[in-house]
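Peer 1: Here you go, this is protein00.txt (compact mmCIF, C-alpha atoms).
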```
# COMPACT_ATOMS: atom_id res chain seq x y z
CA MET Y 1 -20.56 -36.84 36.04
CA LYS Y 2 -23.19 -36.47 38.72
CA LYS Y 3 -23.30 -33.40 40.92
CA GLU Y 4 -22.61 -35.45 44.02
CA ASP Y 5 -19.39 -36.77 42.51
CA HIS Y 6 -17.65 -33.45 42.96
CA LEU Y 7 -19.81 -31.29 45.24
CA PHE Y 8 -20.46 -31.80 48.93
CA SER Y 9 -23.10 -34.46 49.42
CA GLY Y 10 -25.19 -35.69 52.29
CA VAL Y 11 -25.92 -32.13 53.41
CA PRO Y 12 -28.48 -31.95 56.26
CA GLU Y 13 -31.46 -29.67 55.70
CA ASP Y 14 -30.35 -27.26 58.43
CA LEU Y 15 -26.83 -26.93 57.02
CA ARG Y 16 -26.44 -24.24 54.40
CA LEU Y 17 -23.37 -24.33 52.18
CA GLY Y 18 -22.84 -21.39 49.91
CA PRO Y 19 -22.25 -17.67 49.67
CA VAL Y 20 -23.33 -15.23 52.36
CA PHE Y 21 -25.12 -12.17 51.01
CA GLY Y 22 -26.71 -9.32 52.90
CA PRO Y 23 -28.76 -6.26 52.02
CA GLU Y 24 -25.53 -4.51 50.99
CA GLU Y 25 -25.07 -6.79 47.97
CA ALA Y 26 -28.76 -6.49 47.03
CA ASP Y 27 -28.66 -2.70 47.26
CA ALA Y 28 -25.47 -2.56 45.20
CA VAL Y 29 -26.97 -4.68 42.42
CA LYS Y 30 -30.18 -2.65 42.51
CA ALA Y 31 -28.20 0.56 42.08
CA VAL Y 32 -26.46 -0.81 39.01
CA VAL Y 33 -29.71 -2.04 37.48
CA GLU Y 34 -31.42 1.28 38.10
CA SER Y 35 -28.48 3.13 36.53
CA GLY Y 36 -29.21 1.47 33.19
CA SER Y 37 -25.50 0.72 32.69
CA ILE Y 38 -24.54 -2.86 33.53
CA THR Y 39 -21.48 -3.59 31.40
CA GLN Y 40 -17.84 -2.88 32.06
CA LEU Y 41 -17.73 -0.57 29.06
CA SER Y 42 -20.58 1.67 30.18
CA THR Y 43 -19.85 2.24 33.89
CA ASP Y 44 -16.91 2.61 36.28
CA VAL Y 45 -18.14 0.00 38.79
CA VAL Y 46 -15.73 -2.66 37.47
CA GLU Y 47 -12.84 -0.20 37.59
CA THR Y 48 -13.71 0.65 41.20
CA PHE Y 49 -13.70 -3.04 42.14
CA GLU Y 50 -10.35 -3.52 40.41
CA ARG Y 51 -8.79 -0.61 42.27
CA GLN Y 52 -10.09 -1.77 45.66
CA PHE Y 53 -9.00 -5.37 45.12
CA ALA Y 54 -5.51 -4.25 44.07
CA GLU Y 55 -5.25 -2.14 47.22
CA TYR Y 56 -6.41 -5.07 49.35
CA VAL Y 57 -3.74 -7.49 48.11
CA GLY Y 58 -1.04 -4.83 47.85
CA ALA Y 59 -0.65 -4.87 44.07
CA LYS Y 60 -0.36 -1.89 41.74
CA GLU Y 61 -2.81 -3.21 39.15
CA ALA Y 62 -5.87 -5.46 38.98
CA VAL Y 63 -7.83 -6.61 35.93
CA ALA Y 64 -11.30 -8.09 36.39
CA VAL Y 65 -12.41 -10.94 34.14
CA SER Y 66 -15.31 -13.35 33.78
CA SER Y 67 -13.94 -16.34 35.75
CA GLY Y 68 -10.91 -17.73 37.53
CA THR Y 69 -10.17 -19.89 34.50
CA ALA Y 70 -10.28 -16.78 32.33
CA ALA Y 71 -7.90 -15.10 34.79
CA VAL Y 72 -5.33 -17.90 34.44
CA HIS Y 73 -5.74 -17.99 30.66
CA THR Y 74 -5.42 -14.22 30.31
CA ALA Y 75 -2.33 -14.16 32.53
CA LEU Y 76 -0.68 -16.91 30.49
CA ALA Y 77 -1.36 -15.01 27.29
CA ALA Y 78 -0.05 -11.77 28.80
CA VAL Y 79 3.28 -13.31 29.85
CA GLY Y 80 3.78 -14.62 26.33
CA VAL Y 81 2.92 -18.33 26.50
CA GLU Y 82 2.48 -19.47 22.91
CA GLU Y 83 1.94 -22.62 20.87
CA GLY Y 84 4.47 -25.32 21.71
CA ASP Y 85 5.71 -23.70 24.92
CA GLU Y 86 5.86 -25.89 28.01
CA VAL Y 87 4.08 -24.83 31.19
CA ILE Y 88 4.79 -26.70 34.43
CA VAL Y 89 1.64 -27.37 36.46
CA PRO Y 90 0.77 -29.43 39.54
CA ALA Y 91 -0.73 -32.84 38.85
CA PHE Y 92 -3.03 -32.43 41.85
CA THR Y 93 -5.25 -29.40 41.23
CA PHE Y 94 -8.52 -28.24 39.67
CA ILE Y 95 -8.94 -28.32 35.89
CA GLY Y 96 -9.11 -24.51 35.83
CA THR Y 97 -5.36 -24.39 36.46
CA VAL Y 98 -4.37 -26.52 33.49
CA GLY Y 99 -7.15 -26.11 30.91
CA PRO Y 100 -5.91 -22.61 30.01
CA VAL Y 101 -2.53 -24.09 29.02
CA LEU Y 102 -4.33 -26.04 26.31
CA HIS Y 103 -6.28 -22.91 25.33
CA GLN Y 104 -2.93 -21.31 24.50
CA HIS Y 105 -1.96 -24.41 22.47
CA ALA Y 106 0.89 -24.93 24.93
CA VAL Y 107 2.08 -28.15 26.55
CA PRO Y 108 1.22 -28.90 30.19
CA VAL Y 109 4.06 -30.60 32.04
CA PHE Y 110 2.82 -32.24 35.22
CA ALA Y 111 4.97 -31.99 38.33
CA ASP Y 112 4.40 -33.46 41.77
CA ILE Y 113 3.22 -31.80 44.96
CA ASP Y 114 4.75 -31.23 48.38
CA PRO Y 115 3.38 -33.95 50.71
CA GLU Y 116 2.89 -31.45 53.55
CA THR Y 117 1.22 -28.50 51.82
CA LEU Y 118 -0.15 -30.37 48.75
CA CYS Y 119 1.03 -27.37 46.71
CA LEU Y 120 3.37 -27.69 43.72
CA ASP Y 121 6.79 -29.00 44.78
CA PRO Y 122 9.50 -26.53 43.68
CA LEU Y 123 12.11 -29.30 43.51
CA ASP Y 124 10.08 -31.45 41.15
CA ALA Y 125 9.10 -28.38 39.14
CA GLU Y 126 12.77 -27.53 38.71
CA ARG Y 127 13.47 -31.09 37.59
CA LYS Y 128 10.86 -30.68 34.81
CA ILE Y 129 12.29 -27.42 33.41
CA THR Y 130 13.61 -27.68 29.83
CA THR Y 131 14.66 -25.20 27.16
CA ARG Y 132 10.99 -25.09 26.09
CA THR Y 133 9.64 -24.14 29.52
CA LYS Y 134 7.96 -20.73 29.40
CA ALA Y 135 6.02 -20.64 32.67
CA ILE Y 136 5.26 -22.37 35.97
CA ILE Y 137 1.86 -22.22 37.66
CA PRO Y 138 2.13 -22.73 41.45
CA VAL Y 139 -1.30 -23.13 43.05
CA ASP Y 140 -2.18 -21.84 46.52
CA LEU Y 141 -4.12 -25.02 47.13
CA PHE Y 142 -7.06 -25.07 49.56
CA GLY Y 143 -6.12 -21.55 50.69
CA HIS Y 144 -2.51 -22.33 51.68
CA PRO Y 145 0.12 -20.36 49.73
CA ALA Y 146 2.68 -22.23 47.67
CA ASN Y 147 6.37 -21.66 48.40
CA LEU Y 148 6.50 -18.43 46.39
CA THR Y 149 10.11 -17.62 47.29
CA ALA Y 150 11.28 -20.91 45.82
CA PHE Y 151 9.39 -20.25 42.59
CA ALA Y 152 10.74 -16.71 42.38
CA ASP Y 153 14.22 -18.23 42.62
CA LEU Y 154 13.42 -20.60 39.75
CA ALA Y 155 12.19 -17.67 37.68
CA ASP Y 156 15.46 -15.82 38.27
CA GLN Y 157 17.64 -18.85 37.62
CA TYR Y 158 15.94 -20.18 34.50
CA GLY Y 159 14.22 -17.13 33.03
CA VAL Y 160 10.73 -18.62 33.26
CA GLN Y 161 7.49 -16.80 34.07
CA ILE Y 162 5.59 -17.43 37.32
CA VAL Y 163 1.80 -17.27 37.03
CA GLU Y 164 0.39 -17.80 40.52
CA ASP Y 165 -3.01 -19.50 40.75
CA ALA Y 166 -4.48 -17.90 43.88
CA CYS Y 167 -8.05 -18.83 42.96
CA GLN Y 168 -8.64 -20.46 46.36
CA ALA Y 169 -6.60 -18.06 48.47
CA HIS Y 170 -8.17 -14.59 48.71
CA GLY Y 171 -6.60 -12.95 51.75
CA ALA Y 172 -4.01 -15.65 52.41
CA CYS Y 173 -0.54 -14.38 53.30
CA PHE Y 174 2.96 -15.38 52.32
CA ASP Y 175 5.65 -14.02 54.67
CA GLY Y 176 3.12 -11.50 55.96
CA GLN Y 177 2.09 -10.20 52.53
CA ARG Y 178 -1.21 -11.05 50.90
CA VAL Y 179 -0.98 -13.31 47.87
CA GLY Y 180 -1.68 -11.38 44.72
CA GLY Y 181 0.88 -8.81 45.75
CA VAL Y 182 3.85 -11.20 45.88
CA SER Y 183 4.23 -12.88 42.49
CA PRO Y 184 4.71 -11.04 39.17
CA ILE Y 185 1.15 -11.97 38.22
CA ALA Y 186 -1.62 -13.86 40.03
CA ALA Y 187 -5.11 -15.11 39.24
CA PHE Y 188 -8.18 -15.24 41.50
CA SER Y 189 -11.65 -16.77 41.16
CA PHE Y 190 -14.93 -15.40 42.50
CA GLN Y 191 -17.04 -18.50 41.82
CA GLU Y 192 -19.71 -18.97 44.49
CA SER Y 193 -17.78 -21.57 46.51
CA LYS Y 194 -14.82 -19.24 47.00
CA ASN Y 195 -13.97 -17.23 50.13
CA MET Y 196 -15.62 -14.24 48.46
CA THR Y 197 -17.83 -14.36 45.40
CA THR Y 198 -19.41 -12.46 42.54
CA GLY Y 199 -21.29 -15.62 41.44
CA GLU Y 200 -18.80 -16.17 38.66
CA GLY Y 201 -15.86 -13.90 37.89
CA GLY Y 202 -12.13 -13.55 38.36
CA MET Y 203 -9.29 -11.08 38.90
CA ILE Y 204 -5.67 -10.76 37.81
CA THR Y 205 -3.23 -8.78 39.96
CA THR Y 206 0.25 -7.58 39.06
CA ASN Y 207 2.80 -4.89 39.84
CA ASP Y 208 3.77 -4.68 36.16
CA GLY Y 209 1.87 -2.06 34.18
CA GLY Y 210 2.83 -3.69 30.90
CA LEU Y 211 1.39 -7.03 31.99
CA ALA Y 212 -1.78 -5.30 33.19
CA ASP Y 213 -2.21 -3.59 29.81
CA GLY Y 214 -1.65 -6.93 28.10
CA CYS Y 215 -4.33 -8.54 30.25
CA ARG Y 216 -6.79 -5.76 29.44
CA CYS Y 217 -6.10 -6.22 25.74
CA VAL Y 218 -6.65 -9.99 25.91
CA ARG Y 219 -9.85 -9.43 27.93
CA GLN Y 220 -11.21 -7.03 25.30
CA GLN Y 221 -11.00 -9.19 22.14
CA GLY Y 222 -7.32 -8.30 21.59
CA GLU Y 223 -8.35 -4.72 20.94
CA ARG Y 224 -5.98 -1.88 21.87
CA SER Y 225 -8.35 0.85 20.70
CA TRP Y 226 -11.68 0.87 18.89
CA GLY Y 227 -11.26 -1.21 15.76
CA GLU Y 228 -7.52 -1.77 16.29
CA ILE Y 229 -7.01 -5.50 16.97
CA VAL Y 230 -3.39 -6.18 17.88
CA ARG Y 231 -3.47 -9.75 19.20
CA ARG Y 232 -5.65 -12.81 19.67
CA GLY Y 233 -8.07 -12.03 22.49
CA HIS Y 234 -11.33 -13.04 24.11
CA ASN Y 235 -14.49 -11.58 25.54
CA TYR Y 236 -13.55 -12.07 29.18
CA ARG Y 237 -15.15 -8.94 30.63
CA MET Y 238 -16.79 -8.82 34.05
CA THR Y 239 -20.20 -7.17 34.32
CA ALA Y 240 -20.94 -4.22 36.58
CA LEU Y 241 -23.50 -6.40 38.36
CA GLN Y 242 -20.76 -8.83 39.39
CA ALA Y 243 -18.38 -6.04 40.33
CA ALA Y 244 -21.01 -4.39 42.53
CA ILE Y 245 -21.36 -7.63 44.50
CA GLY Y 246 -17.58 -7.97 44.61
CA ILE Y 247 -17.12 -4.54 46.15
CA GLU Y 248 -19.41 -5.48 49.03
CA GLN Y 249 -17.95 -8.98 49.42
CA LEU Y 250 -14.43 -7.58 49.62
CA LYS Y 251 -15.43 -5.51 52.63
CA LYS Y 252 -16.46 -8.74 54.37
CA LEU Y 253 -13.60 -10.97 53.19
CA ASP Y 254 -11.45 -10.79 56.33
CA GLY Y 255 -14.43 -11.77 58.45
CA PHE Y 256 -15.30 -14.61 56.08
CA ASN Y 257 -11.72 -15.88 56.27
CA GLU Y 258 -11.67 -15.71 60.07
CA ARG Y 259 -14.82 -17.81 60.10
CA ARG Y 260 -13.33 -20.42 57.76
CA VAL Y 261 -10.25 -20.70 59.97
CA GLU Y 262 -12.51 -21.15 63.01
CA ILE Y 263 -14.44 -23.94 61.28
CA ALA Y 264 -11.20 -25.65 60.25
CA SER Y 265 -10.00 -25.50 63.87
CA ILE Y 266 -13.24 -27.16 65.02
CA TYR Y 267 -12.61 -30.02 62.59
CA ALA Y 268 -8.97 -30.26 63.67
CA GLU Y 269 -9.95 -30.55 67.33
CA ALA Y 270 -12.49 -33.28 66.56
CA LEU Y 271 -10.10 -35.32 64.40
CA ASN Y 272 -6.81 -34.64 66.15
CA GLU Y 273 -6.63 -37.91 68.10
CA LEU Y 274 -7.20 -40.10 65.03
CA ASP Y 275 -4.52 -41.59 62.78
CA LEU Y 276 -5.02 -39.06 59.98
CA SER Y 277 -2.76 -36.63 58.16
CA LEU Y 278 -4.41 -33.31 58.98
CA PRO Y 279 -3.63 -30.00 57.22
CA GLN Y 280 -0.56 -28.19 58.50
CA GLU Y 281 0.38 -24.55 58.06
CA LYS Y 282 3.94 -23.68 57.08
CA SER Y 283 5.79 -20.95 59.00
CA TYR Y 284 5.76 -18.69 55.93
CA ALA Y 285 2.03 -19.10 55.36
CA SER Y 286 -1.27 -17.85 56.67
CA SER Y 287 -3.94 -20.08 55.16
CA VAL Y 288 -7.54 -19.02 54.60
CA CYS Y 289 -8.81 -22.62 54.71
CA HIS Y 290 -10.81 -22.69 51.49
CA VAL Y 291 -11.65 -26.32 52.32
CA TYR Y 292 -10.41 -28.79 54.92
CA SER Y 293 -8.78 -31.74 53.16
CA PHE Y 294 -7.04 -34.47 55.15
CA LEU Y 295 -5.53 -37.86 54.27
CA LEU Y 296 -6.54 -41.29 55.46
CA PRO Y 297 -3.70 -43.65 56.48
CA ALA Y 298 -2.28 -45.47 53.48
CA PRO Y 299 -3.76 -48.91 54.35
CA LEU Y 300 -7.26 -47.42 54.12
CA ALA Y 301 -6.75 -45.92 50.67
CA PRO Y 302 -8.60 -48.79 48.89
CA GLN Y 303 -11.60 -48.12 51.17
CA ARG Y 304 -11.65 -44.34 50.72
CA ASP Y 305 -14.76 -44.20 48.53
CA SER Y 306 -16.77 -46.48 50.82
CA ILE Y 307 -15.65 -44.41 53.83
CA VAL Y 308 -16.82 -41.26 52.06
CA GLN Y 309 -20.19 -42.89 51.43
CA HIS Y 310 -20.39 -43.95 55.09
CA LEU Y 311 -19.69 -40.35 56.14
CA ARG Y 312 -22.47 -39.11 53.89
CA GLU Y 313 -24.88 -41.59 55.35
CA HIS Y 314 -24.16 -40.07 58.76
CA GLY Y 315 -24.91 -36.53 57.59
CA VAL Y 316 -21.34 -35.41 56.96
CA PRO Y 317 -21.19 -33.13 53.87
CA VAL Y 318 -18.05 -34.69 52.50
CA SER Y 319 -16.31 -34.54 49.14
CA VAL Y 320 -13.03 -35.61 47.55
CA ALA Y 321 -10.73 -32.86 46.29
CA TYR Y 322 -9.31 -34.21 44.08
CA PRO Y 323 -10.12 -37.84 43.15
CA SER Y 324 -7.23 -38.32 40.70
CA PRO Y 325 -4.22 -36.51 39.24
CA LEU Y 326 -5.31 -34.47 36.23
CA TYR Y 327 -3.18 -36.47 33.83
CA HIS Y 328 -5.55 -39.41 34.35
CA SER Y 329 -8.26 -37.45 32.49
CA PRO Y 330 -8.58 -38.36 28.80
CA VAL Y 331 -7.85 -34.82 27.60
CA PHE Y 332 -4.44 -34.88 29.31
CA GLN Y 333 -3.37 -38.47 28.73
CA ALA Y 334 -1.15 -37.48 25.81
CA PHE Y 335 0.89 -35.47 28.34
CA ALA Y 336 1.10 -38.16 31.03
CA HIS Y 337 4.75 -38.98 30.39
CA GLU Y 338 5.70 -39.53 34.01
CA LYS Y 339 3.64 -40.35 37.08
CA CYS Y 340 3.72 -38.10 40.13
CA PRO Y 341 3.79 -40.47 43.13
CA VAL Y 342 2.81 -37.97 45.85
CA SER Y 343 -0.14 -36.78 43.77
CA GLU Y 344 -1.17 -40.39 43.09
CA ASP Y 345 -1.00 -41.25 46.80
CA THR Y 346 -2.79 -38.07 47.89
CA ALA Y 347 -5.65 -38.56 45.41
CA ARG Y 348 -6.25 -42.08 46.75
CA ARG Y 349 -6.36 -40.96 50.39
CA VAL Y 350 -7.84 -37.46 50.43
CA VAL Y 351 -11.15 -36.61 52.09
CA THR Y 352 -12.59 -33.09 52.08
CA LEU Y 353 -14.86 -31.24 54.51
CA PRO Y 354 -16.46 -27.87 53.77
CA THR Y 355 -15.38 -24.68 55.54
CA SER Y 356 -17.98 -22.36 54.04
CA HIS Y 357 -18.35 -19.29 56.23
CA SER Y 358 -22.11 -19.89 56.18
CA ILE Y 359 -21.67 -22.92 58.48
CA SER Y 360 -22.69 -22.30 62.08
CA THR Y 361 -20.54 -23.35 65.01
CA ALA Y 362 -23.12 -25.95 66.01
CA ALA Y 363 -23.15 -27.41 62.50
CA ALA Y 364 -19.33 -27.45 62.33
CA GLU Y 365 -19.16 -29.26 65.67
CA ARG Y 366 -21.77 -31.76 64.50
CA ILE Y 367 -19.82 -32.38 61.27
CA GLY Y 368 -16.53 -32.79 63.13
CA ASN Y 369 -17.95 -35.13 65.77
CA ALA Y 370 -19.86 -37.25 63.25
CA ALA Y 371 -16.80 -37.51 61.03
CA ALA Y 372 -14.64 -38.51 63.99
CA GLU Y 373 -17.10 -41.20 65.02
CA VAL Y 374 -17.34 -42.73 61.54
CA LEU Y 375 -13.61 -42.55 60.90
CA ALA Y 376 -12.81 -44.10 64.29
CA GLU Y 377 -14.82 -47.17 63.25
CA HIS Y 378 -12.72 -47.61 60.13
CA LEU Y 379 -9.45 -46.90 61.91
CA ALA Y 380 -10.10 -49.39 64.71
```
In structure tokens, how does this file's structure come out?
Peer 2:
Amino acid sequence: MKKEDHLFSGVPEDLRLGPVFGPEEADAVKAVVESGSITQLSTDVVETFERQFAEYVGAKEAVAVSSGTAAVHTALAAVGVEEGDEVIVPAFTFIGTVGPVLHQHAVPVFADIDPETLCLDPLDAERKITTRTKAIIPVDLFGHPANLTAFADLADQYGVQIVEDACQAHGACFDGQRVGGVSPIAAFSFQESKNMTTGEGGMITTNDGGLADGCRCVRQQGERSWGEIVRRGHNYRMTALQAAIGIEQLKKLDGFNERRVEIASIYAEALNELDLSLPQEKSYASSVCHVYSFLLPAPLAPQRDSIVQHLREHGVPVSVAYPSPLYHSPVFQAFAHEKCPVSEDTARRVVTLPTSHSISTAAAERIGNAAAEVLAEHLA
């Protein structure tokens, strides 16, 4: 796969997409380097980051790990997902949501998405529950929270575990409470495209001390104490260098999120008069607009890729998130027992614009106007 197949392409030279760092992050990293202690085991920087992140989302515990994928995997292991268990996942999501199910030798069961939020549909998830279902992974897709109340109800009714994938939703709110403090356990990513970053890295949040201890054990090779290995584990530790950056990024997160929402509103204003399905925010949600994904009208679905190329030719840094349901990928084809029609339709029609908080107002307006002009040609 080429880079341009999944990252934003056609980026003008004066448009910078990526993380925003200041002297604070540089000074924090320098302090760690000069201390001579850069690992989680030799300094308390990671523990400080965990404590501050837990306070931010309103959770009792936080466990830092090496990536968002590691966060999902560790959470699944902590809640007891084992070989042969079924885990219900959305068909329309990033591989990092579903790959960890395979890492646990469990069975991914693909369910469809809500056509309005593009998050996992609780009704279809419920339809897929069997006696082998151990967990459900709702994803707060593109920064918009899933219907967490509905999934909590499923957990109560069927005795399944809810592992929330909040990897794209740092600071998003569900019913006025930040995600990460709502579900029994939640996973975040700090990859550089996210609303805050440590370069790579992840975090697990929970209000359950037992689950937190389980996550720490999985993170540390399955070791409960020096030389005492009590379960299968991994080296999923975060470095103090990453945590030092994270501490400074967390201080800026609310401002970053406000900027992303502003950029999304600029796109919405530019595209509002066109026959497109633009992102909508549910009454229970406060989205942090990780990206701005909209849908072309159904008749234009066969032309989507050529429209994307046309947008790139006009300087619009456009992508497709995501180009197909995950069960189309060879690694998951053995689990593609039933198609998910909303996911299929969405993947054919979706177009994605960046909302990176590094984008200036002028650049966002240029992107929105250029996109509107190109799309109007195709919609005419």
Peer 1: Find the residue from Y:His378, Y:His290, Y:Arg366, Y:His234 that sits nearest to Ile307 in chain Y; use only C-alpha atoms when measuring.
Peer 2: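 So, comparing all the options, the nearest one is Y:His378.
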Peer 1: So how many Å separate CA of Ala152 in chain Y and CA of Thr117 in chain Y, to one decimal?
Peer 2: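 Separation of CA of Ala152 in chain Y and CA of Thr117 in chain Y: 17.9 Å.
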Peer 1: So what do you get for CA of Phe256 in chain Y versus CA of Ser283 in chain Y, distance-wise?
Peer 2: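 Distance reported for this atom pair: 22.2 Å.
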Peer 1: Got a sec: who's within 10 Å of Val79 in chain Y, counting all atoms listed in the file, leaving out chain neighbours fewer than 6 positions off, as a ChimeraX atom specification?
Peer 2: /Y:134-135,160-163,184-185,210-211,214-215
Peer 1: Put those residues in a file: C-alpha atoms, as a short mmCIF file (atom, residue, chain, number, x, y, z; two decimals), in the frame of the given file.
Peer 2:
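Result written to again_30.cif:
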```
data_model
loop_
_atom_site.label_atom_id
_atom_site.label_comp_id
_atom_site.auth_asym_id
_atom_site.auth_seq_id
_atom_site.Cartn_x
_atom_site.Cartn_y
_atom_site.Cartn_z
CA LYS Y 134 7.96 -20.73 29.40
CA ALA Y 135 6.02 -20.64 32.67
CA VAL Y 160 10.73 -18.62 33.26
CA GLN Y 161 7.49 -16.80 34.07
CA ILE Y 162 5.59 -17.43 37.32
CA VAL Y 163 1.80 -17.27 37.03
CA PRO Y 184 4.71 -11.04 39.17
CA ILE Y 185 1.15 -11.97 38.22
CA GLY Y 210 2.83 -3.69 30.90
CA LEU Y 211 1.39 -7.03 31.99
CA GLY Y 214 -1.65 -6.93 28.10
CA CYS Y 215 -4.33 -8.54 30.25
#
```
Peer 1: For Arg178 in chain Y, which residue out of Y:Glu248, Y:Asp254, Y:Glu50, Y:Glu344 is the nearest one, using all atoms listed in the file?
Peer 2: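 Of all the options, Y:Asp254 lies closest to Arg178 in chain Y.
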Peer 1: Just give me the gap between CA of Thr239 in chain Y and CA of Thr48 in chain Y in Å, one decimal is fine.
Peer 2: 12.3 Å
Peer 1: Could you list, as a list in words, every residue within 6 Å of range 57-60 of chain Y, counting all atoms listed in the file and ignoring same-chain residues fewer than 3 positions away?
Peer 2: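 That gives Ala54, Arg178, Gly180, Gly181, Thr206 and Asn207 of chain Y.
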